[in-house]
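**Q** File data-v5.tsv below, TSV, C-alpha atoms:
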chain	number	residue	atom	x	y	z
A	1	MET	CA	-26.43	-6.42	9.84
A	2	SER	CA	-23.48	-4.71	8.18
A	3	SER	CA	-20.89	-6.80	6.40
A	4	ALA	CA	-18.42	-5.21	8.81
A	5	ASP	CA	-20.15	-6.60	11.91
A	6	VAL	CA	-18.06	-9.31	13.47
A	7	SER	CA	-18.61	-11.72	16.30
A	8	PRO	CA	-17.30	-10.51	19.67
A	9	ALA	CA	-16.35	-14.06	20.56
A	10	ALA	CA	-12.84	-13.97	19.10
A	11	PRO	CA	-10.12	-15.22	21.50
A	12	VAL	CA	-8.48	-12.55	23.62
A	13	PRO	CA	-4.66	-12.67	23.59
A	14	SER	CA	-2.59	-12.27	26.74
A	15	ALA	CA	-2.09	-8.68	27.87
A	16	SER	CA	1.02	-6.81	26.76
A	17	LEU	CA	0.07	-3.41	28.20
A	18	VAL	CA	0.04	-2.77	31.93
A	19	PRO	CA	-1.69	0.58	32.44
A	20	ASP	CA	-1.59	0.30	36.23
A	21	VAL	CA	2.16	0.96	36.03
A	22	VAL	CA	1.35	4.45	34.74
A	23	LEU	CA	-1.53	5.50	36.97
A	24	THR	CA	0.38	6.60	40.05
A	25	ALA	CA	2.97	8.55	38.08
A	26	ALA	CA	0.26	10.10	35.91
A	27	GLY	CA	-1.71	11.23	38.94
A	28	LEU	CA	1.31	12.65	40.74
A	29	GLY	CA	2.61	14.39	37.62
A	30	ALA	CA	-0.67	15.78	36.29
A	31	GLN	CA	-0.26	19.23	37.86
A	32	LEU	CA	3.35	19.51	36.76
A	33	SER	CA	2.24	18.56	33.24
A	34	GLU	CA	-0.26	21.41	33.30
A	35	GLU	CA	2.30	23.93	34.55
A	36	HIS	CA	5.24	22.95	32.33
A	37	CYS	CA	3.23	21.87	29.24
A	38	ARG	CA	4.99	18.53	28.99
A	39	LEU	CA	5.06	15.25	30.90
A	40	PRO	CA	7.48	14.86	33.80
A	41	GLY	CA	10.29	12.44	33.02
A	42	GLU	CA	8.97	9.93	35.56
A	43	THR	CA	5.62	9.80	33.79
A	44	ALA	CA	7.18	9.33	30.37
A	45	ASP	CA	9.36	6.53	31.76
A	46	ALA	CA	6.28	4.88	33.25
A	47	LEU	CA	4.65	4.85	29.81
A	48	ARG	CA	7.68	3.03	28.45
A	49	ASP	CA	7.63	0.55	31.34
A	50	ALA	CA	3.90	-0.08	30.82
A	51	GLY	CA	4.62	-1.30	27.28
A	52	PHE	CA	3.10	1.47	25.16
A	53	ALA	CA	6.19	2.17	23.04
A	54	ARG	CA	6.59	-1.51	22.14
A	55	HIS	CA	2.89	-2.32	21.74
A	56	PHE	CA	2.83	-2.32	17.90
A	57	VAL	CA	6.54	-3.00	17.31
A	58	PRO	CA	7.19	-6.23	15.34
A	59	ARG	CA	7.91	-9.30	17.43
A	60	CYS	CA	11.19	-9.89	15.64
A	61	TYR	CA	12.52	-6.80	17.47
A	62	GLY	CA	11.07	-7.82	20.82
A	63	GLY	CA	7.83	-5.91	20.35
A	64	SER	CA	4.32	-7.04	21.28
A	65	GLU	CA	2.48	-6.76	17.94
A	66	GLY	CA	-0.47	-6.10	20.22
A	67	THR	CA	-4.17	-5.69	19.56
A	68	PHE	CA	-6.18	-2.52	19.04
A	69	ALA	CA	-8.71	-3.69	21.64
A	70	GLU	CA	-6.04	-3.76	24.33
A	71	PHE	CA	-4.68	-0.45	23.09
A	72	LEU	CA	-8.12	1.16	23.49
A	73	SER	CA	-8.71	-0.27	26.95
A	74	ALA	CA	-5.28	0.65	28.33
A	75	THR	CA	-5.27	4.15	26.84
A	76	ALA	CA	-8.74	4.98	28.17
A	77	THR	CA	-7.73	3.70	31.61
A	78	VAL	CA	-4.76	6.07	31.72
A	79	ALA	CA	-6.87	8.96	30.39
A	80	ALA	CA	-9.24	8.68	33.34
A	81	VAL	CA	-6.30	9.87	35.46
A	82	CYS	CA	-4.52	12.18	32.99
A	83	ALA	CA	-5.59	12.75	29.40
A	84	SER	CA	-2.22	14.25	28.42
A	85	THR	CA	-0.41	11.14	29.63
A	86	ALA	CA	-2.84	8.95	27.70
A	87	TRP	CA	-2.42	11.05	24.57
A	88	CYS	CA	1.34	10.52	24.64
A	89	ALA	CA	0.84	6.83	25.45
A	90	ALA	CA	-1.42	6.41	22.43
A	91	LEU	CA	0.95	8.21	20.10
A	92	PHE	CA	4.10	6.46	21.31
A	93	ALA	CA	2.29	3.20	20.48
A	94	ALA	CA	0.90	4.45	17.15
A	95	HIS	CA	4.25	5.83	16.01
A	96	GLY	CA	5.89	2.49	16.69
A	97	ARG	CA	3.38	1.02	14.25
A	98	LEU	CA	4.23	3.67	11.64
A	99	ALA	CA	7.97	3.11	12.06
A	100	SER	CA	7.44	-0.59	11.36
A	101	TYR	CA	7.05	0.35	7.67
A	102	LEU	CA	10.64	1.64	7.48
A	103	PRO	CA	13.19	-0.45	5.57
A	104	GLU	CA	14.94	-3.19	7.52
A	105	ARG	CA	18.19	-1.27	8.07
A	106	ALA	CA	16.33	1.63	9.67
A	107	ARG	CA	14.27	-0.64	11.90
A	108	GLN	CA	17.47	-2.24	13.10
A	109	GLU	CA	18.76	1.21	14.03
A	110	LEU	CA	15.60	1.99	15.96
A	111	TRP	CA	15.05	-1.30	17.77
A	112	GLY	CA	18.32	-3.19	17.55
A	113	ALA	CA	18.96	-2.58	21.26
A	114	GLY	CA	15.34	-3.16	22.32
A	115	PRO	CA	11.73	-2.30	21.44
A	116	ASP	CA	11.03	0.32	24.12
A	117	VAL	CA	11.90	3.31	21.94
A	118	ARG	CA	9.68	6.37	22.26
A	119	ILE	CA	8.97	7.89	18.85
A	120	ALA	CA	7.34	11.29	18.27
A	121	ALA	CA	5.98	12.36	14.90
A	122	SER	CA	4.72	15.20	12.75
A	123	VAL	CA	3.71	13.58	9.49
A	124	ILE	CA	0.37	15.09	8.46
A	125	PRO	CA	0.42	17.54	6.82
A	126	PRO	CA	3.91	17.52	5.26
A	127	GLN	CA	5.95	20.50	6.43
A	128	GLY	CA	9.46	21.87	6.06
A	129	ARG	CA	11.62	21.24	3.00
A	130	ALA	CA	13.21	18.02	1.80
A	131	THR	CA	16.04	18.54	-0.68
A	132	ALA	CA	17.28	15.49	-2.56
A	133	GLY	CA	21.00	14.71	-2.36
A	134	GLU	CA	23.30	11.80	-2.89
A	135	GLY	CA	21.92	8.84	-0.96
A	136	GLY	CA	19.09	10.68	0.76
A	137	TRP	CA	17.52	14.05	1.60
A	138	ARG	CA	18.39	17.17	3.58
A	139	LEU	CA	15.66	18.48	5.86
A	140	ASP	CA	15.20	22.16	6.67
A	141	GLY	CA	12.37	24.06	8.35
A	142	SER	CA	9.87	23.50	11.14
A	143	TRP	CA	7.28	20.84	11.93
A	144	SER	CA	4.40	21.48	14.34
A	145	TYR	CA	2.65	19.43	17.02
A	146	ALA	CA	5.16	16.68	17.74
A	147	SER	CA	3.49	15.29	20.89
A	148	GLY	CA	5.88	13.83	23.45
A	149	ILE	CA	8.96	15.11	21.61
A	150	ASP	CA	10.76	16.07	24.83
A	151	HIS	CA	10.91	12.40	25.86
A	152	ALA	CA	11.37	10.80	22.43
A	153	GLU	CA	14.51	9.11	21.12
A	154	TRP	CA	13.38	9.43	17.48
A	155	VAL	CA	10.95	11.59	15.52
A	156	LEU	CA	9.12	10.91	12.25
A	157	LEU	CA	8.85	14.00	10.02
A	158	ALA	CA	7.19	14.35	6.64
A	159	GLY	CA	7.76	16.47	3.58
A	160	PHE	CA	7.03	16.47	-0.11
A	161	THR	CA	9.61	14.96	-2.45
A	162	GLU	CA	9.67	14.45	-6.21
A	163	GLY	CA	9.10	10.88	-7.35
A	164	THR	CA	8.69	9.08	-10.64
A	165	ALA	CA	4.92	9.63	-10.46
A	166	GLY	CA	5.15	13.23	-9.27
A	167	LYS	CA	5.00	14.70	-5.79
A	168	GLU	CA	5.30	12.19	-2.96
A	169	HIS	CA	4.39	12.47	0.72
A	170	ARG	CA	7.57	11.05	2.28
A	171	ILE	CA	8.20	10.19	5.95
A	172	PHE	CA	11.69	10.53	7.43
A	173	ALA	CA	13.02	8.92	10.62
A	174	VAL	CA	15.35	11.31	12.45
A	175	PRO	CA	17.20	10.87	15.75
A	176	ARG	CA	15.73	13.28	18.30
A	177	ALA	CA	19.21	14.65	19.03
A	178	GLU	CA	19.50	15.97	15.45
A	179	VAL	CA	16.55	18.39	15.67
A	180	THR	CA	15.85	21.40	17.87
A	181	VAL	CA	12.70	21.46	20.00
A	182	LEU	CA	10.89	24.81	19.93
A	183	ASP	CA	8.87	25.79	23.01
A	184	THR	CA	5.58	26.50	21.21
A	185	TRP	CA	2.94	24.48	23.12
A	186	ARG	CA	0.65	26.65	25.33
A	187	PRO	CA	-2.88	25.32	24.64
A	188	LEU	CA	-6.23	25.37	26.43
A	189	GLY	CA	-6.30	21.61	26.98
A	190	LEU	CA	-4.00	18.59	26.71
A	191	ARG	CA	-1.32	20.92	28.03
A	192	GLY	CA	0.89	18.10	29.25
A	193	THR	CA	1.34	16.46	25.85
A	194	GLY	CA	4.31	18.71	25.07
A	195	SER	CA	3.21	18.95	21.44
A	196	ASN	CA	5.98	21.38	20.58
A	197	SER	CA	7.39	22.19	17.17
A	198	VAL	CA	10.77	20.93	15.99
A	199	ARG	CA	13.26	22.57	13.66
A	200	ALA	CA	15.73	20.88	11.33
A	201	ASP	CA	18.71	22.78	9.94
A	202	GLY	CA	20.30	20.79	7.14
A	203	VAL	CA	19.66	17.39	8.76
A	204	PHE	CA	20.67	14.61	6.36
A	205	VAL	CA	18.40	11.56	6.29
A	206	PRO	CA	19.65	8.56	4.29
A	207	GLU	CA	17.21	6.97	1.89
A	208	TYR	CA	16.98	3.79	3.95
A	209	ARG	CA	15.41	5.81	6.78
A	210	THR	CA	12.42	6.93	4.70
A	211	PHE	CA	9.22	5.61	3.16
A	212	THR	CA	6.24	7.15	1.39
A	213	LEU	CA	2.85	7.57	3.03
A	214	ASP	CA	1.12	5.28	0.55
A	215	ARG	CA	2.95	2.34	2.16
A	216	LEU	CA	0.61	2.77	5.13
A	217	LEU	CA	-2.33	1.84	2.93
A	218	ARG	CA	-0.99	-1.67	2.30
A	219	PRO	CA	-0.23	-4.56	4.67
A	220	LEU	CA	3.35	-4.85	5.89
A	221	PRO	CA	4.87	-8.03	4.37
A	222	GLY	CA	5.56	-10.50	7.14
A	223	GLY	CA	3.98	-8.24	9.74
A	224	GLY	CA	1.46	-9.16	12.40
A	225	ARG	CA	-2.26	-8.46	12.30
A	226	CYS	CA	-1.72	-4.92	13.63
A	227	HIS	CA	0.40	-4.19	10.53
A	228	GLY	CA	-2.22	-5.57	8.14
A	229	VAL	CA	-4.73	-2.72	8.40
A	230	PRO	CA	-4.52	0.52	6.41
A	231	PHE	CA	-3.70	3.70	8.29
A	232	PRO	CA	-7.14	5.36	7.78
A	233	MET	CA	-8.84	2.41	9.47
A	234	VAL	CA	-7.21	3.11	12.84
A	235	ALA	CA	-5.90	6.68	12.71
A	236	ALA	CA	-8.94	8.20	14.43
A	237	LEU	CA	-8.98	5.47	17.10
A	238	GLN	CA	-5.61	6.56	18.46
A	239	PHE	CA	-6.94	10.09	19.12
A	240	ALA	CA	-10.40	9.03	20.29
A	241	ALA	CA	-9.14	6.56	22.91
A	242	PRO	CA	-7.74	9.22	25.31
A	243	LEU	CA	-10.86	11.33	24.76
A	244	LEU	CA	-13.08	8.42	25.84
A	245	GLY	CA	-11.26	7.85	29.13
A	246	ALA	CA	-11.32	11.56	29.96
A	247	ALA	CA	-15.06	11.74	29.22
A	248	GLU	CA	-15.80	8.76	31.45
A	249	ALA	CA	-13.84	10.41	34.25
A	250	ALA	CA	-15.75	13.67	33.69
A	251	GLN	CA	-19.04	11.79	34.05
A	252	SER	CA	-17.90	10.30	37.36
A	253	LEU	CA	-16.67	13.68	38.65
A	254	TRP	CA	-19.91	15.44	37.75
A	255	THR	CA	-22.06	12.69	39.28
A	256	ALA	CA	-20.15	12.80	42.56
A	257	ALA	CA	-20.19	16.61	42.71
A	258	THR	CA	-23.89	16.82	41.86
A	259	ALA	CA	-24.80	14.22	44.47
A	260	GLY	CA	-23.31	16.44	47.17
A	261	ARG	CA	-24.35	19.86	45.84
A	262	ARG	CA	-27.32	22.00	46.89
A	263	ARG	CA	-28.94	24.73	44.90
A	264	VAL	CA	-29.33	28.27	46.21
A	265	ASP	CA	-32.88	27.43	47.31
A	266	GLY	CA	-31.56	24.59	49.45
A	267	ARG	CA	-32.80	21.76	47.26
A	268	ALA	CA	-30.49	18.88	46.46
A	269	ALA	CA	-29.14	19.40	42.93
A	270	ALA	CA	-29.46	15.69	42.21
A	271	LEU	CA	-33.24	15.87	42.67
A	272	THR	CA	-33.87	18.46	39.96
A	273	PRO	CA	-35.38	17.14	36.71
A	274	ALA	CA	-32.62	18.78	34.67
A	275	ALA	CA	-29.84	17.06	36.59
A	276	ARG	CA	-31.54	13.68	36.47
A	277	HIS	CA	-32.13	13.98	32.72
A	278	LEU	CA	-28.53	15.04	32.13
A	279	ALA	CA	-27.19	12.15	34.21
A	280	ALA	CA	-29.01	9.68	31.98
A	281	GLU	CA	-28.34	11.43	28.67
A	282	SER	CA	-24.62	12.07	29.15
A	283	SER	CA	-23.88	8.60	30.50
A	284	ALA	CA	-25.73	7.05	27.56
A	285	LYS	CA	-23.75	9.12	25.05
A	286	ILE	CA	-20.43	8.19	26.65
A	287	LYS	CA	-21.43	4.53	26.87
A	288	ALA	CA	-22.41	4.62	23.21
A	289	ALA	CA	-19.01	6.12	22.42
A	290	ARG	CA	-17.26	3.26	24.20
A	291	LEU	CA	-19.29	0.69	22.30
A	292	LEU	CA	-18.52	2.39	18.99
A	293	LEU	CA	-14.78	2.48	19.71
A	294	ALA	CA	-14.79	-1.11	20.94
A	295	GLU	CA	-16.32	-2.10	17.61
A	296	VAL	CA	-13.68	-0.11	15.73
A	297	ALA	CA	-10.93	-1.88	17.65
A	298	HIS	CA	-12.57	-5.26	17.12
A	299	ARG	CA	-12.83	-4.70	13.37
A	300	ALA	CA	-9.20	-3.62	13.26
A	301	ASP	CA	-8.21	-6.81	15.07
A	302	THR	CA	-10.35	-9.25	13.10
A	303	ALA	CA	-12.23	-7.90	10.07
A	304	GLU	CA	-11.20	-7.75	6.43
A	305	ALA	CA	-10.12	-4.19	5.64
A	306	THR	CA	-12.53	-3.50	2.80
A	307	PRO	CA	-13.25	0.12	1.81
A	308	ALA	CA	-16.64	-0.14	3.54
A	309	VAL	CA	-15.10	-1.39	6.79
A	310	VAL	CA	-12.44	1.32	6.75
A	311	ALA	CA	-15.13	3.95	6.21
A	312	GLU	CA	-17.23	2.52	9.06
A	313	CYS	CA	-14.25	2.67	11.40
A	314	ARG	CA	-13.62	6.31	10.53
A	315	ARG	CA	-17.31	7.13	10.96
A	316	ASP	CA	-17.64	5.38	14.30
A	317	ALA	CA	-14.48	6.85	15.82
A	318	ALA	CA	-15.46	10.37	14.78
A	319	MET	CA	-19.00	9.93	16.09
A	320	ALA	CA	-17.66	8.56	19.38
A	321	ALA	CA	-15.50	11.65	19.79
A	322	ALA	CA	-18.47	13.92	19.02
A	323	LEU	CA	-20.68	12.12	21.54
A	324	CYS	CA	-18.05	12.43	24.27
A	325	ALA	CA	-17.45	16.10	23.54
A	326	GLU	CA	-21.18	16.89	23.58
A	327	ALA	CA	-21.71	15.04	26.85
A	328	VAL	CA	-18.76	16.60	28.66
A	329	ASP	CA	-19.62	20.08	27.43
A	330	ARG	CA	-23.10	19.78	28.90
A	331	LEU	CA	-21.78	18.33	32.15
A	332	PHE	CA	-19.32	21.18	32.57
A	333	HIS	CA	-21.90	23.87	31.92
A	334	ALA	CA	-24.33	22.24	34.35
A	335	ALA	CA	-21.77	21.94	37.15
A	336	GLY	CA	-22.21	25.41	38.55
A	337	ALA	CA	-19.73	28.14	39.38
A	338	GLY	CA	-17.48	25.77	41.27
A	339	ALA	CA	-16.39	24.11	38.04
A	340	LEU	CA	-14.93	27.42	36.85
A	341	ALA	CA	-12.34	27.47	39.61
A	342	GLU	CA	-8.73	26.94	38.63
A	343	GLY	CA	-7.70	23.42	39.51
A	344	ASN	CA	-11.23	22.02	39.43
A	345	PRO	CA	-10.82	18.47	38.02
A	346	LEU	CA	-14.00	18.62	35.95
A	347	GLN	CA	-12.79	21.81	34.30
A	348	GLN	CA	-9.55	20.09	33.36
A	349	LYS	CA	-11.41	17.14	31.84
A	350	TRP	CA	-13.58	19.55	29.88
A	351	ARG	CA	-10.52	21.39	28.54
A	352	ASP	CA	-8.80	18.13	27.62
A	353	VAL	CA	-11.85	16.65	25.88
A	354	THR	CA	-12.50	19.92	24.03
A	355	ALA	CA	-8.90	20.02	22.80
A	356	ALA	CA	-8.86	16.37	21.76
A	357	ALA	CA	-12.16	16.62	19.90
A	358	ALA	CA	-10.75	19.50	17.83
A	359	HIS	CA	-8.15	17.23	16.23
A	360	ALA	CA	-8.64	17.16	12.46
A	361	THR	CA	-8.58	13.36	12.35
A	362	LEU	CA	-11.75	13.30	14.46
A	363	SER	CA	-13.73	15.60	12.16
A	364	PHE	CA	-17.11	13.97	11.60
A	365	ASP	CA	-17.66	15.95	8.40
A	366	THR	CA	-14.53	14.40	6.89
A	367	ALA	CA	-15.44	10.92	8.14
A	368	ALA	CA	-18.99	11.31	6.83
A	369	ALA	CA	-17.71	12.24	3.38
A	370	ALA	CA	-15.48	9.16	3.31
A	371	TYR	CA	-18.38	6.97	4.45
A	372	ALA	CA	-20.65	8.41	1.77
A	373	ASP	CA	-18.01	7.68	-0.87
A	374	ALA	CA	-17.97	4.06	0.30
A	375	VAL	CA	-21.74	3.51	0.35
A	376	PHE	CA	-22.53	5.59	-2.76
A	377	PRO	CA	-19.79	4.49	-5.18
A	378	ASP	CA	-19.71	6.51	-8.40
A	379	PRO	CA	-23.30	7.80	-8.26
A	380	GLU	CA	-24.69	8.89	-11.62
A	381	GLU	CA	-27.31	11.53	-12.21
A	382	PRO	CA	-30.36	10.10	-14.05
A	383	GLY	CA	-30.85	11.35	-17.59
A	384	PRO	CA	-34.15	12.70	-18.95
A	385	VAL	CA	-36.96	10.17	-19.29
A	386	GLY	CA	-39.57	10.21	-22.04
A	387	PRO	CA	-39.87	10.66	-25.77
A	388	ASP	CA	-37.05	13.20	-25.85
A	389	SER	CA	-34.63	11.05	-23.88
A	390	ASP	CA	-32.35	10.65	-26.89
A	391	LYS	CA	-31.85	14.41	-27.09
A	392	PRO	CA	-29.03	16.22	-25.32
A	393	ASP	CA	-29.71	16.77	-21.62
A	394	SER	CA	-31.12	20.27	-21.22
A	395	ARG	CA	-31.09	20.30	-17.43
A	396	LYS	CA	-29.49	23.25	-15.68
A	397	PRO	CA	-25.75	22.86	-15.09
A	398	GLU	CA	-24.76	21.63	-11.66
A	399	SER	CA	-24.26	24.27	-9.01
A	400	ASP	CA	-21.98	24.34	-6.02
A	401	GLU	CA	-25.04	25.24	-3.92
A	402	PRO	CA	-26.61	22.30	-2.02
A	403	GLU	CA	-29.92	21.03	-3.26
A	404	LYS	CA	-32.84	22.19	-1.12
A	405	GLY	CA	-33.65	19.64	1.48
A	406	ALA	CA	-30.33	17.84	1.14
A	407	ASP	CA	-29.17	19.22	4.46
A	408	GLY	CA	-32.42	18.67	6.30
A	409	SER	CA	-33.88	22.13	5.60
What do you get writing this file as structure tokens?

**A**
Amino acid sequence: MSSADVSPAAPVPSASLVPDVVLTAAGLGAQLSEEHCRLPGETADALRDAGFARHFVPRCYGGSEGTFAEFLSATATVAAVCASTAWCAALFAAHGRLASYLPERARQELWGAGPDVRIAASVIPPQGRATAGEGGWRLDGSWSYASGIDHAEWVLLAGFTEGTAGKEHRIFAVPRAEVTVLDTWRPLGLRGTGSNSVRADGVFVPEYRTFTLDRLLRPLPGGGRCHGVPFPMVAALQFAAPLLGAAEAAQSLWTAATAGRRRVDGRAAALTPAARHLAAESSAKIKAARLLLAEVAHRADTAEATPAVVAECRRDAAMAAALCAEAVDRLFHAAGAGALAEGNPLQQKWRDVTAAAAHATLSFDTAAAAYADAVFPDPEEPGPVGPDSDKPDSRKPESDEPEKGADGS
């Protein structure tokens, strides 16, 4: 058993998220989200009312300081109805956690009147220009993919600044009214997230409304458990949670459609060996994904954040996303010509899952590299063995080419 395995018997706190508040609005607004490439106002308001914006906000500002387990469950529930709504729900919650690392004066500005403040963000990679001035920085340029920006009151933007130790990745909190939203979001999937770009033209941000990214690697002094885990431990979870709910919905849609479909030869589609195999395989992959993400959330809520545990969380979240994407892709391609029709719900789930799985944070290659770094710390090549071992190593210099067999060939 891994040192990161933890008992599932930890006490469950009272719920602070109420996803049912969102479901009706998400269902009614799903088509409008597709057409207008952003959430309807009623849906965005329902997310606020359900408690997503306040979920990770410190209790001293009226927030919930909620758990990652509840975050996962609520987000996946919403995604079963509308993945775009769930994506915004997840990020409104996650950005409240990021904003908790701002200095006290800035947090008072954000949450002094209440914790239900919707915050958008574009923080990785740094974009635009940050020019130092007296008491702060001036921001100029554009930042891409600020999901939910049309309904946000604040936005977190990031740029490089010069610090005492060199270049710093700095995050700036900016009132939404001080930036311009650019209509740039026309994607294949997750159309309703409204992940438009924003432009800043000489926006001044005082120093007290900034912090550097490395702060997210350390616990927040005086913060709750949700502020005691490093950003890499939970970053992938926030993007995988909507993907999970959409994949589970896709499985249900395919099962129902296949149960009522007949092949061209008149046979029931559900009786074919291929359909029966796919039903078992895809449901197992999606169930495995849920178990992996539940373990990630449980570690984030209870486990010590050692480098190994952080790496395991990244690995498991990325693998969960890959399993969901593989399963839904196969379901879609096995659904027949009907799934190609515009407005087919399975097609929409496939587009949403495909788009979500493409997010860089869910790259399994990147997660695998981080995991390998954790389990193989500072590996050393063995030197020559034998009577000449005290002589200089005459082995060939290392090559960038992979060793034969290292990749399974």

**Q** Choose the residue, out of A:Ala236, A:Ala83, A:Cys60, A:Leu278, that has the smallest atom-to-atom separation from Gln31 (chain A); count all atoms listed in the file.

**A**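 Comparing A:Ala236, A:Ala83, A:Cys60, A:Leu278 against Gln31 (chain A), the winner is A:Ala83.
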
**Q** Please provide as a ChimeraX atom specification all residues within 12 Å of region 268-270 of chain A, with the sequence filter that same-chain residues fewer than 5 positions apart are discarded (counting all atoms listed in the file).

**A** /A:254-263,275-280,334-336

**Q** Using only C-alpha atoms, pick whichever of A:Leu98, A:Cys324, A:Leu139, A:Ala289 has the shortest atom-to-atom distance to Leu213 (chain A).

**A**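 Among the listed residues, A:Leu98 lies closest to Leu213 (chain A).
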
**Q** Skipping near chain neighbours, those fewer than 2 positions away, what residues fall within 10 Å of Ser144 (chain A) using all atoms listed in the file, listed as a VMD selection string?

**A** chain A and resid 121 to 128 142 146 to 147 157 182 184 to 185 195 to 199

**Q** Quick check, in Å to one decimal: how far apart do CA of Ile286 (chain A) and CA of Pro242 (chain A) lie?

**A**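 That distance, rounded to one decimal, is 12.8 Å.
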
**Q** Quick one: pull the distance between CA of Gly141 (chain A) and CA of Gly96 (chain A), Å, one decimal.

**A**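 These two atoms are separated by 24.0 Å.
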
**Q** Have a look at A:Ser33, A:Thr212, A:Thr272, A:Gln108 and name the one nearest to Glu168 (chain A); count all atoms listed in the file.

**A**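 Smallest distance to Glu168 (chain A) is found for A:Thr212.
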
**Q** May I ask for the distance between CA of Ala130 (chain A) and CA of Val229 (chain A), given in Å to one decimal place?

**A**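 Distance reported for this atom pair: 28.2 Å.
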
**Q** From the options A:Trp137, A:Trp154, A:Tyr145, A:Phe332, which residue's atoms come nearest to Arg351 (chain A), counting only C-alpha atoms?

**A** A:Phe332
